[in-house]
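Read the structure below first, then the notes.
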Amino acid sequence: MFRTLLIANRGEIAVRIIRTARAMSLKTVAVYSDADRDAYHVAVADEAWHIGAAPAGESYLRGEAIIDAALRAGADAIHPGYGFLSENAAFAEACEKAGLVFVGPPAGAIRAMGLKDAAKALMEKAGVPVVPGYHGDNQEAAFLAEMAAKTGYPVLIKAVAGGGGKGMRKVEAPADFAGALAAAQREAMAAFGDGRVLIEKYVSSPRHVEIQVFADGQGHAVALHERDCSLQRRHQKVIEEAPAPGMPSGMRRAMGEAAVAAAKAVGYRGAGTVEFIADSSDGLRSDAFWFMEMNTRLQVEHPVTEAITGLDLVEWQLRVAAGEPLPLTQDQIPLDGHAVEVRLYAEDPQNSFLPSTGRLLRLRAPAHASGVRMDMGVREGDEVSMFYDPMIGKIIAHAPAREQAIGRLRHFLSAMEIAGPKTNLAFLAQVMGHDAFIAGEIDTGFIERHMDALVSRAGPDSGALALAGAVYRTLRGNELRAVQAETAEPHSPWSANDGWVLGGVRSGIAKFSCDGEPVSLELAPESGDSCAIGPDGEVRAVIGGTSLHAACVVRERGFILIHGGAAREFTPADPLDVDVAGDAGGGALKAPMPGKIIQVLAQAGAQVARGAPLIVMEAMKMEQTLLAVADGRIGSVTVVEGEQVGAGQALVLFEIP
Ligand code: ADP
C-alpha cells in the first residue's frame, strides 16, 4: 500500500477521500487555490500545498502544478476525486510518467469511454444494448434529420463530447429538428470545442439506472448493484437511491452483466459507473434498458452503494490501484436495505435554482440521527465561493426499507439549521415528503412535473410569524440584559436568563420585511407563551401551548429565523414604519419591550396627532419609533435619552381629556 496520497480535488469529495486514507494509515496531502486557504479539506489533511489562483483553470485543473506538489510532498499516488482532472487521460498518463500512481482507470479506458459515439459503437460490439439512433461520423444536417426520422420522434440530440447535460436537445417533431440541431451544435462547440452530435431515441418514462462496477486489472470485474438517479433537474442528478425502486432481480443481474461486459471491453481497472436509460412505462423490464455512457471515475452518488453493500469504495479504489485483487467475488457482494442521498446545494429554488454564495452563518445537523451519513464540504463559518460548484454536501440515509430511509431523511432535513446562502434544503425535504416519490412513481420528469408542490413560494405562515415575534422580543430583552450585566444591575427582572414570560406589553405590531416581503410581527404574547434563546442561538419557545425548537442568527439589522428546515431573514422595515401601540386607554405610551431610549421627540404640553413619532427606542441594534396611537395632548415625558426601560414601562403620559 502507498504511504502518502495526494488528493487532487476540493470540497466534500476531498474530505471524504481523506477520511478513508487516514483510516488506512496513509499520510494525506491536500492542494488548494487562493480561495481555499482556509477550506475544510485543507484543515483535515495532514499537509496542504498551494497550487494557484481561485479560478479552477488556474489551480485545480493545472495538472503539472498538482504533479509538482505531489513530488515535493513525497506522495506515491494521486486520487483525482470526481470532476476536475478525474476523467483526463493525459493527466493519468502524466502521473504515471512522473512515477506516481493515478488512482483511476488506465488512460486507454478513459479515452475509449470519453466520447459518447465511440463508446456506443464499442458497447454495441461487446453485445451491450445501446439506445437506438445514429452515432456515426456523418454530421450533415439533412442526413441527421433523416436519421432522426428513421429513429422515430421524439429524439434526443446529444453532443458526442457531452457532459453535464450540455449540448443536449429533445426534439418532439421533424419541424423543430433543424433549429434544435443548430442550438445543440453551438452549445457543444462552446462547451467542449467539439460540435459533433449523435441522435438517440428519446426513451419514454425514462429512468436513469446506473451500475457501479469495479475491476482489478487482473481479469476480475464485479457489479455492485444499481443506483436510481432519475430525480434530476435539467438532466442533472439531485437525488439518488439504491437499489432502484421496483427493480426485478433478473433485470439487476442482466444490467450487472452488461456493465461488467462494458468494463471488460475497455480493459477497465478501478471504480466506474455504467449509465443506462430504462423505459419504465411498463415498469422496469430486462428488455428495456440501454447503455448511455460510462463514467470512468468515482461518482458523487457512490455513498448509497456503500450504504447497501457496507463497503468503502475509496478503500477498494486504493487497494486496486496498489495492485491488490478485488476482495469479493460477485456472489459475495451484499445488498442490505435501502439508501437515499440528497445533494444539498447553495442555490435558490425560488429563483430558478440560481447558485447562491456567501458565508454559512449557521450549519448544524441534528445529533444522534441513526442511519444518516453526512458528507460535507464546508463547515459553519466557511464561505461558499463563486468559483466552484455550490454543493454544501450530501446527506445519505440508510434503513431496512425504502420508506423508512426516506422518512429518516425527511426528519433529518427538517431539523437541519442552515443560514447564509440560500439552499435547496426545504426543496429536498419537500421531495422526501411527496406522495408520488414515496410511492416510487419516479422518472426523469418527476421534479419538473411536481415543481409547484416542491418549491413553496408561500411566505411565512402565522406560526412562523408568531415565532418570529417571540424571537424578536426575546432578542431585544437579551440585548438589554447584556447591557445591564455590564452596568451591574443584578436585581433587574431582565437579569434573569429565562427569557420572557407574558409581561408588560399589551399590544403592538412591528413591521419587518421577511425575505423581501412586508410582514407584521405581533408583539403581544398570549398568556403562557414563552421564549428563550441560548447563547448558541438556540430558540426554545412555547407559543399557543405548542413547544417549538428553532434557531436564530442575529444580523446587523434584524435576524434570521431557522425553523422546520426553512431559514427566513427578518429585517426591520424603516424605523418610522414601526407602529407600536402603547396603552392608549390609560393615557400612556408604554415601552412595548425592554430597550434603551435613544431619542425623545415628545414634549410635555404639545398637541400631537395620531401617528406622530414620540420616542425612538433601540435594542439589538434595531431602532423602533413609537408613535402616538390617537390625537391628544402630552402631559409629561417620564424618560430621558439613554435610559434603559423595561417592557410595559410608561414613557409618555397623555392628559386625560
Ligand atoms: P451528460 O453526459 O451530458 O450528463 P447523459 O447521456 O449522461 O448526458 O444523459 C443525461 C440525462 O439525460 C440522463 O440521466 C437522462 O435523464 C437523460 N437522457 C439521456 N439520454 C436519454 C434518452 N435517450 N432518452 C431519455 N432521456 C435521456
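Ligands are numbered from 1 in the order shown, residues from 1 within each chain, and chains are lettered A, B, ... in the order they appear in the C-alpha cells.
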
Residues within 7 Å of ligand 1, counting only C-alpha atoms and all ligand atoms: report them as a tab-separated table (two decimals) with N, CA, C and O atoms, in the first residue's frame.
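Output contents, as saved in pocket.tsv:
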chain	number	residue	atom	x	y	z
A	131	VAL	N	-28.86	2.67	-26.77
A	131	VAL	CA	-30.08	3.37	-27.16
A	131	VAL	C	-30.11	3.45	-28.69
A	131	VAL	O	-29.13	3.86	-29.32
A	156	LEU	N	-33.52	12.58	-29.12
A	156	LEU	CA	-32.64	13.41	-28.32
A	156	LEU	C	-31.37	13.64	-29.13
A	156	LEU	O	-30.79	12.68	-29.66
A	162	GLY	N	-20.24	15.33	-24.88
A	162	GLY	CA	-21.10	15.91	-23.84
A	162	GLY	C	-20.82	15.50	-22.42
A	162	GLY	O	-20.14	14.51	-22.14
A	163	GLY	N	-21.36	16.28	-21.55
A	163	GLY	CA	-21.28	16.06	-20.11
A	163	GLY	C	-22.12	17.15	-19.46
A	163	GLY	O	-22.30	18.22	-20.05
A	164	GLY	N	-22.66	16.84	-18.29
A	164	GLY	CA	-23.43	17.85	-17.56
A	164	GLY	C	-24.66	18.32	-18.31
A	164	GLY	O	-25.15	19.41	-18.07
A	165	GLY	N	-25.16	17.48	-19.21
A	165	GLY	CA	-26.38	17.83	-19.93
A	165	GLY	C	-26.21	18.92	-20.98
A	165	GLY	O	-27.19	19.39	-21.56
A	166	LYS	N	-24.97	19.33	-21.24
A	166	LYS	CA	-24.75	20.41	-22.22
A	166	LYS	C	-24.79	19.86	-23.65
A	166	LYS	O	-24.37	18.74	-23.90
A	168	MET	N	-27.45	19.18	-25.34
A	168	MET	CA	-28.48	18.15	-25.42
A	168	MET	C	-29.82	18.81	-25.71
A	168	MET	O	-30.16	19.82	-25.09
A	200	GLU	N	-30.44	10.07	-30.65
A	200	GLU	CA	-30.95	8.93	-29.89
A	200	GLU	C	-32.46	8.97	-29.83
A	200	GLU	O	-33.06	10.04	-29.79
A	201	LYS	N	-33.04	7.81	-29.79
A	201	LYS	CA	-34.47	7.70	-29.49
A	201	LYS	C	-34.67	8.29	-28.11
A	201	LYS	O	-33.92	7.97	-27.18
A	202	TYR	N	-35.68	9.16	-27.95
A	202	TYR	CA	-35.99	9.64	-26.61
A	202	TYR	C	-36.84	8.58	-25.93
A	202	TYR	O	-37.97	8.30	-26.35
A	203	VAL	N	-36.28	7.98	-24.91
A	203	VAL	CA	-36.95	6.89	-24.22
A	203	VAL	C	-38.13	7.45	-23.42
A	203	VAL	O	-37.99	8.47	-22.75
A	204	SER	N	-39.28	6.80	-23.48
A	204	SER	CA	-40.42	7.36	-22.73
A	204	SER	C	-40.41	6.86	-21.29
A	204	SER	O	-39.88	5.80	-21.00
A	206	PRO	N	-38.53	7.84	-18.91
A	206	PRO	CA	-37.14	7.40	-18.71
A	206	PRO	C	-36.73	7.34	-17.24
A	206	PRO	O	-37.02	8.24	-16.47
A	207	ARG	N	-36.07	6.26	-16.90
A	207	ARG	CA	-35.44	6.17	-15.58
A	207	ARG	C	-33.94	6.01	-15.80
A	207	ARG	O	-33.50	5.22	-16.62
A	208	HIS	N	-33.19	6.80	-15.04
A	208	HIS	CA	-31.73	6.70	-15.11
A	208	HIS	C	-31.30	5.66	-14.07
A	208	HIS	O	-31.43	5.89	-12.88
A	230	SER	N	-32.94	8.96	-11.16
A	230	SER	CA	-33.94	9.55	-12.04
A	230	SER	C	-34.37	10.94	-11.60
A	230	SER	O	-34.90	11.70	-12.40
A	232	GLN	N	-33.90	14.27	-11.39
A	232	GLN	CA	-32.95	15.19	-12.00
A	232	GLN	C	-33.62	16.53	-12.28
A	232	GLN	O	-34.83	16.61	-12.40
A	235	HIS	N	-31.39	17.51	-16.52
A	235	HIS	CA	-30.51	16.37	-16.78
A	235	HIS	C	-29.38	16.26	-15.77
A	235	HIS	O	-28.37	15.60	-16.03
A	236	GLN	N	-29.52	16.90	-14.63
A	236	GLN	CA	-28.50	16.80	-13.58
A	236	GLN	C	-29.10	16.12	-12.36
A	236	GLN	O	-30.19	16.49	-11.92
A	275	GLU	N	-23.82	3.88	-17.12
A	275	GLU	CA	-25.14	4.50	-17.04
A	275	GLU	C	-26.07	3.96	-18.12
A	275	GLU	O	-25.70	3.91	-19.30
A	277	ILE	N	-30.27	3.97	-19.57
A	277	ILE	CA	-31.58	4.60	-19.52
A	277	ILE	C	-32.60	3.46	-19.67
A	277	ILE	O	-32.40	2.55	-20.47
A	292	MET	N	-26.03	4.27	-21.97
A	292	MET	CA	-25.88	5.68	-22.36
A	292	MET	C	-24.41	6.07	-22.41
A	292	MET	O	-23.91	6.59	-23.39
A	293	GLU	N	-23.71	5.84	-21.28
A	293	GLU	CA	-22.29	6.18	-21.25
A	293	GLU	C	-21.65	5.55	-20.02
A	293	GLU	O	-22.34	5.04	-19.14
A	444	THR	N	-37.39	10.66	-14.98
A	444	THR	CA	-36.54	11.86	-15.03
A	444	THR	C	-37.36	13.15	-15.12
A	444	THR	O	-36.82	14.23	-14.96

All strand (DSSP E) residues (DSSP, backbone) inside stretch 255-417 of chain A, as a PDB file with C-alpha atoms, in the first residue's frame:
ATOM      1  CA  ARG A 269      -9.451  -1.076 -13.644  1.00  0.00           C
ATOM      2  CA  GLY A 270     -10.840   0.583 -10.525  1.00  0.00           C
ATOM      3  CA  ALA A 271     -14.254   2.120  -9.875  1.00  0.00           C
ATOM      4  CA  GLY A 272     -16.535   3.039 -12.745  1.00  0.00           C
ATOM      5  CA  THR A 273     -20.191   3.607 -13.462  1.00  0.00           C
ATOM      6  CA  VAL A 274     -22.075   2.330 -16.453  1.00  0.00           C
ATOM      7  CA  GLU A 275     -25.137   4.500 -17.036  1.00  0.00           C
ATOM      8  CA  PHE A 276     -28.272   3.096 -18.593  1.00  0.00           C
ATOM      9  CA  ILE A 277     -31.579   4.597 -19.524  1.00  0.00           C
ATOM     10  CA  ALA A 278     -34.619   2.409 -18.875  1.00  0.00           C
ATOM     11  CA  ASP A 279     -38.114   2.707 -20.277  1.00  0.00           C
ATOM     12  CA  PHE A 289     -32.676  -0.748 -20.743  1.00  0.00           C
ATOM     13  CA  TRP A 290     -29.925   0.694 -22.892  1.00  0.00           C
ATOM     14  CA  PHE A 291     -26.340   1.889 -22.415  1.00  0.00           C
ATOM     15  CA  MET A 292     -25.877   5.682 -22.359  1.00  0.00           C
ATOM     16  CA  GLU A 293     -22.291   6.180 -21.246  1.00  0.00           C
ATOM     17  CA  MET A 294     -19.624   5.102 -18.809  1.00  0.00           C
ATOM     18  CA  ASN A 295     -18.141   7.430 -16.219  1.00  0.00           C
ATOM     19  CA  HIS A 338     -32.244   0.843   1.035  1.00  0.00           C
ATOM     20  CA  ALA A 339     -30.332   4.116   0.853  1.00  0.00           C
ATOM     21  CA  VAL A 340     -31.281   7.570  -0.400  1.00  0.00           C
ATOM     22  CA  GLU A 341     -28.942  10.509  -0.983  1.00  0.00           C
ATOM     23  CA  VAL A 342     -29.734  14.176  -1.462  1.00  0.00           C
ATOM     24  CA  ARG A 343     -27.370  16.792  -2.812  1.00  0.00           C
ATOM     25  CA  LEU A 344     -27.507  19.891  -0.681  1.00  0.00           C
ATOM     26  CA  TYR A 345     -26.709  22.963  -2.761  1.00  0.00           C
ATOM     27  CA  GLU A 347     -28.860  27.710  -4.603  1.00  0.00           C
ATOM     28  CA  ASP A 348     -32.210  29.445  -4.636  1.00  0.00           C
ATOM     29  CA  LEU A 354     -29.544  30.171  -9.182  1.00  0.00           C
ATOM     30  CA  PRO A 355     -26.347  29.437  -7.274  1.00  0.00           C
ATOM     31  CA  GLY A 358     -21.731  33.747   0.910  1.00  0.00           C
ATOM     32  CA  ARG A 359     -20.724  32.763   4.405  1.00  0.00           C
ATOM     33  CA  ARG A 362     -25.114  28.543  10.619  1.00  0.00           C
ATOM     34  CA  LEU A 363     -24.731  24.926   9.566  1.00  0.00           C
ATOM     35  CA  ARG A 364     -25.978  22.455  12.143  1.00  0.00           C
ATOM     36  CA  VAL A 372     -27.810   9.038   8.475  1.00  0.00           C
ATOM     37  CA  ARG A 373     -24.439   9.939   6.977  1.00  0.00           C
ATOM     38  CA  MET A 374     -23.283  13.408   6.050  1.00  0.00           C
ATOM     39  CA  ASP A 375     -20.509  14.089   3.565  1.00  0.00           C
ATOM     40  CA  MET A 376     -19.989  17.806   3.932  1.00  0.00           C
ATOM     41  CA  GLU A 383     -17.614  30.700   2.577  1.00  0.00           C
ATOM     42  CA  VAL A 384     -19.453  29.225  -0.403  1.00  0.00           C
ATOM     43  CA  MET A 391     -22.515  21.981  -3.274  1.00  0.00           C
ATOM     44  CA  ILE A 392     -22.591  22.196   0.520  1.00  0.00           C
ATOM     45  CA  GLY A 393     -22.595  18.464   0.930  1.00  0.00           C
ATOM     46  CA  LYS A 394     -24.581  15.266   0.696  1.00  0.00           C
ATOM     47  CA  ILE A 395     -26.836  13.577   3.183  1.00  0.00           C
ATOM     48  CA  ILE A 396     -27.450   9.867   2.942  1.00  0.00           C
ATOM     49  CA  ALA A 397     -29.998   7.841   4.894  1.00  0.00           C
ATOM     50  CA  HIS A 398     -29.972   4.059   5.111  1.00  0.00           C
ATOM     51  CA  ALA A 399     -32.676   1.824   6.560  1.00  0.00           C
ATOM     52  CA  GLU A 417     -30.249  24.548  10.509  1.00  0.00           C
TER      53      GLU A 417
END

A:Arg473 surroundings by only C-alpha atoms, 9 Å radius, close-in-sequence under 6 positions cut, as a ChimeraX atom specification
/A:500,523,531,592-594

Which of these, A:Gln603, A:Thr28, A:Ser520, A:Asn88, has the shortest distance to A:Leu467 once you count only C-alpha atoms?
A:Ser520

Atom pair atom CA of A:Ser636 / atom CA of A:Met617: separation (Å)
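According to the coordinates, atom CA of A:Ser636 and atom CA of A:Met617 are separated by 17.6 Å.
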
Given only C-alpha atoms as the basis, pick out the residue of A:Gly565, A:Ala182, A:Arg227, A:Val554 nearest to A:Gln139.
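Checking each of A:Gly565, A:Ala182, A:Arg227, A:Val554 against A:Gln139, counting only C-alpha atoms, the winner is A:Ala182.
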
Please, which residues of stretch 100-191 of chain A, numbered as in this document, come out helix (DSSP H, G or I) from DSSP, as a ChimeraX atom specification?
/A:107-114,116-125,141-151,174-191

Go ahead and write the selection's residues with C-alpha atoms as a PDB file, in the first residue's frame.
ATOM      1  CA  ALA A 107      -5.677   6.210 -19.713  1.00  0.00           C
ATOM      2  CA  GLY A 108      -6.813   3.956 -22.565  1.00  0.00           C
ATOM      3  CA  ALA A 109     -10.089   3.146 -20.812  1.00  0.00           C
ATOM      4  CA  ILE A 110     -10.747   6.834 -20.101  1.00  0.00           C
ATOM      5  CA  ARG A 111     -10.196   7.618 -23.794  1.00  0.00           C
ATOM      6  CA  ALA A 112     -12.334   4.732 -25.017  1.00  0.00           C
ATOM      7  CA  MET A 113     -15.273   5.977 -22.959  1.00  0.00           C
ATOM      8  CA  GLY A 114     -14.565   9.691 -23.393  1.00  0.00           C
ATOM      9  CA  LYS A 116     -20.295   9.077 -26.464  1.00  0.00           C
ATOM     10  CA  ASP A 117     -20.355   7.977 -30.110  1.00  0.00           C
ATOM     11  CA  ALA A 118     -17.193   5.853 -29.933  1.00  0.00           C
ATOM     12  CA  ALA A 119     -18.276   4.404 -26.580  1.00  0.00           C
ATOM     13  CA  LYS A 120     -21.642   3.405 -28.021  1.00  0.00           C
ATOM     14  CA  ALA A 121     -20.033   1.757 -31.031  1.00  0.00           C
ATOM     15  CA  LEU A 122     -17.690  -0.144 -28.724  1.00  0.00           C
ATOM     16  CA  MET A 123     -20.560  -1.265 -26.494  1.00  0.00           C
ATOM     17  CA  GLU A 124     -22.595  -2.452 -29.457  1.00  0.00           C
ATOM     18  CA  LYS A 125     -19.668  -4.640 -30.419  1.00  0.00           C
ATOM     19  CA  ALA A 141     -27.861  18.465 -41.131  1.00  0.00           C
ATOM     20  CA  ALA A 142     -30.058  16.875 -43.804  1.00  0.00           C
ATOM     21  CA  PHE A 143     -28.601  13.455 -43.131  1.00  0.00           C
ATOM     22  CA  LEU A 144     -29.051  13.801 -39.359  1.00  0.00           C
ATOM     23  CA  ALA A 145     -32.668  14.868 -39.907  1.00  0.00           C
ATOM     24  CA  GLU A 146     -33.165  11.712 -41.962  1.00  0.00           C
ATOM     25  CA  MET A 147     -31.644   9.623 -39.163  1.00  0.00           C
ATOM     26  CA  ALA A 148     -33.918  11.306 -36.629  1.00  0.00           C
ATOM     27  CA  ALA A 149     -36.969  10.428 -38.733  1.00  0.00           C
ATOM     28  CA  LYS A 150     -35.732   6.868 -39.086  1.00  0.00           C
ATOM     29  CA  THR A 151     -35.161   6.608 -35.315  1.00  0.00           C
ATOM     30  CA  PRO A 174     -39.475  16.979 -37.531  1.00  0.00           C
ATOM     31  CA  ALA A 175     -40.285  20.676 -37.949  1.00  0.00           C
ATOM     32  CA  ASP A 176     -38.219  21.510 -34.849  1.00  0.00           C
ATOM     33  CA  PHE A 177     -35.221  19.407 -35.771  1.00  0.00           C
ATOM     34  CA  ALA A 178     -33.093  21.895 -37.722  1.00  0.00           C
ATOM     35  CA  GLY A 179     -33.334  24.597 -35.057  1.00  0.00           C
ATOM     36  CA  ALA A 180     -32.606  22.208 -32.203  1.00  0.00           C
ATOM     37  CA  LEU A 181     -29.646  20.724 -34.065  1.00  0.00           C
ATOM     38  CA  ALA A 182     -28.079  24.130 -34.632  1.00  0.00           C
ATOM     39  CA  ALA A 183     -28.567  25.043 -30.967  1.00  0.00           C
ATOM     40  CA  ALA A 184     -27.083  21.761 -29.718  1.00  0.00           C
ATOM     41  CA  GLN A 185     -24.078  22.115 -32.029  1.00  0.00           C
ATOM     42  CA  ARG A 186     -23.449  25.697 -30.932  1.00  0.00           C
ATOM     43  CA  GLU A 187     -23.686  24.761 -27.264  1.00  0.00           C
ATOM     44  CA  ALA A 188     -21.434  21.728 -27.724  1.00  0.00           C
ATOM     45  CA  MET A 189     -18.859  23.774 -29.629  1.00  0.00           C
ATOM     46  CA  ALA A 190     -18.805  26.417 -26.914  1.00  0.00           C
ATOM     47  CA  ALA A 191     -18.600  23.936 -24.038  1.00  0.00           C
TER      48      ALA A 191
END

Two-atom distance - atom CA of A:Leu335, atom CA of A:Glu403 (Å)
16.7 Å

So, with only C-alpha atoms as the atoms that count, which of A:Ala458, A:Val42, A:Val155, A:Ala98 lies closest to A:Glu517?
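Of the candidates, the smallest distance to A:Glu517 is held by A:Ala458.
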
Within 12 Å of A:Leu548 using only C-alpha atoms, minus same-chain residues under 6 positions, as a VMD selection string:
chain A and resid 415 463 to 464 466 to 468 470 to 471 529 to 533 538 to 542 562 to 564

With N, CA and C atoms retained, write the just-selected residues as a PDB file, in the first residue's frame.
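Contents of out_1.pdb, freshly written:
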ATOM      1  N   ALA A 415     -34.855  19.111  10.436  1.00  0.00           N
ATOM      2  CA  ALA A 415     -34.234  19.568  11.680  1.00  0.00           C
ATOM      3  C   ALA A 415     -32.873  20.232  11.427  1.00  0.00           C
ATOM      4  N   GLY A 463     -47.832  30.672  12.253  1.00  0.00           N
ATOM      5  CA  GLY A 463     -46.989  30.078  13.290  1.00  0.00           C
ATOM      6  C   GLY A 463     -45.571  30.628  13.225  1.00  0.00           C
ATOM      7  N   ALA A 464     -45.046  30.724  12.010  1.00  0.00           N
ATOM      8  CA  ALA A 464     -43.681  31.231  11.848  1.00  0.00           C
ATOM      9  C   ALA A 464     -43.604  32.698  12.258  1.00  0.00           C
ATOM     10  N   ALA A 466     -45.562  34.184  14.486  1.00  0.00           N
ATOM     11  CA  ALA A 466     -45.668  34.261  15.947  1.00  0.00           C
ATOM     12  C   ALA A 466     -44.309  33.950  16.570  1.00  0.00           C
ATOM     13  N   LEU A 467     -43.637  32.943  15.998  1.00  0.00           N
ATOM     14  CA  LEU A 467     -42.319  32.581  16.497  1.00  0.00           C
ATOM     15  C   LEU A 467     -41.335  33.731  16.273  1.00  0.00           C
ATOM     16  N   ALA A 468     -41.420  34.345  15.090  1.00  0.00           N
ATOM     17  CA  ALA A 468     -40.521  35.468  14.792  1.00  0.00           C
ATOM     18  C   ALA A 468     -40.770  36.620  15.766  1.00  0.00           C
ATOM     19  N   ALA A 470     -41.880  36.367  18.818  1.00  0.00           N
ATOM     20  CA  ALA A 470     -41.340  35.962  20.118  1.00  0.00           C
ATOM     21  C   ALA A 470     -39.816  36.106  20.125  1.00  0.00           C
ATOM     22  N   VAL A 471     -39.193  35.695  19.022  1.00  0.00           N
ATOM     23  CA  VAL A 471     -37.730  35.779  18.935  1.00  0.00           C
ATOM     24  C   VAL A 471     -37.286  37.241  18.973  1.00  0.00           C
ATOM     25  N   ASP A 529     -47.297  31.898  26.902  1.00  0.00           N
ATOM     26  CA  ASP A 529     -46.253  31.839  25.886  1.00  0.00           C
ATOM     27  C   ASP A 529     -44.910  32.180  26.513  1.00  0.00           C
ATOM     28  N   SER A 530     -43.870  31.587  25.973  1.00  0.00           N
ATOM     29  CA  SER A 530     -42.534  31.922  26.463  1.00  0.00           C
ATOM     30  C   SER A 530     -41.526  31.691  25.354  1.00  0.00           C
ATOM     31  N   CYS A 531     -40.378  32.281  25.526  1.00  0.00           N
ATOM     32  CA  CYS A 531     -39.330  32.110  24.523  1.00  0.00           C
ATOM     33  C   CYS A 531     -37.986  32.349  25.193  1.00  0.00           C
ATOM     34  N   ALA A 532     -37.045  31.450  24.965  1.00  0.00           N
ATOM     35  CA  ALA A 532     -35.696  31.651  25.493  1.00  0.00           C
ATOM     36  C   ALA A 532     -34.701  31.357  24.384  1.00  0.00           C
ATOM     37  N   ILE A 533     -33.662  32.166  24.326  1.00  0.00           N
ATOM     38  CA  ILE A 533     -32.640  31.979  23.289  1.00  0.00           C
ATOM     39  C   ILE A 533     -31.311  31.707  23.975  1.00  0.00           C
ATOM     40  N   GLU A 538     -29.879  28.997  19.975  1.00  0.00           N
ATOM     41  CA  GLU A 538     -30.965  28.015  20.026  1.00  0.00           C
ATOM     42  C   GLU A 538     -32.204  28.623  20.649  1.00  0.00           C
ATOM     43  N   VAL A 539     -33.313  28.444  19.972  1.00  0.00           N
ATOM     44  CA  VAL A 539     -34.567  29.040  20.432  1.00  0.00           C
ATOM     45  C   VAL A 539     -35.462  27.935  20.974  1.00  0.00           C
ATOM     46  N   ARG A 540     -35.918  28.115  22.207  1.00  0.00           N
ATOM     47  CA  ARG A 540     -36.935  27.206  22.755  1.00  0.00           C
ATOM     48  C   ARG A 540     -38.133  28.051  23.127  1.00  0.00           C
ATOM     49  N   ALA A 541     -39.239  27.768  22.494  1.00  0.00           N
ATOM     50  CA  ALA A 541     -40.399  28.632  22.709  1.00  0.00           C
ATOM     51  C   ALA A 541     -41.643  27.792  22.960  1.00  0.00           C
ATOM     52  N   VAL A 542     -42.558  28.389  23.676  1.00  0.00           N
ATOM     53  CA  VAL A 542     -43.898  27.810  23.787  1.00  0.00           C
ATOM     54  C   VAL A 542     -44.842  28.869  23.251  1.00  0.00           C
ATOM     55  N   ILE A 562     -34.557  30.214  11.823  1.00  0.00           N
ATOM     56  CA  ILE A 562     -34.461  28.912  11.162  1.00  0.00           C
ATOM     57  C   ILE A 562     -35.415  27.971  11.865  1.00  0.00           C
ATOM     58  N   HIS A 563     -36.378  27.498  11.109  1.00  0.00           N
ATOM     59  CA  HIS A 563     -37.401  26.662  11.731  1.00  0.00           C
ATOM     60  C   HIS A 563     -37.994  25.719  10.692  1.00  0.00           C
ATOM     61  N   GLY A 564     -38.087  24.451  11.046  1.00  0.00           N
ATOM     62  CA  GLY A 564     -38.695  23.474  10.145  1.00  0.00           C
ATOM     63  C   GLY A 564     -38.004  23.399   8.791  1.00  0.00           C
TER      64      GLY A 564
END

Let me make sure I understand: among A:Leu428, A:Ala215, A:Val314, A:Ala307, which one has the smallest atom-to-atom distance to A:Met24 if we use only C-alpha atoms?
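Under the stated criterion, the closest residue is A:Val314.
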
Quick one: pull the distance between atom CA of A:Ile17 and atom CA of A:Val266, Å, one decimal.
25.8 Å

Which residues come within 6 Å of stretch 630-632 of chain A, counting only C-alpha atoms, excluding same-chain residues fewer than 3 positions away, as a PyMOL selection string?
chain A and resi 607-610
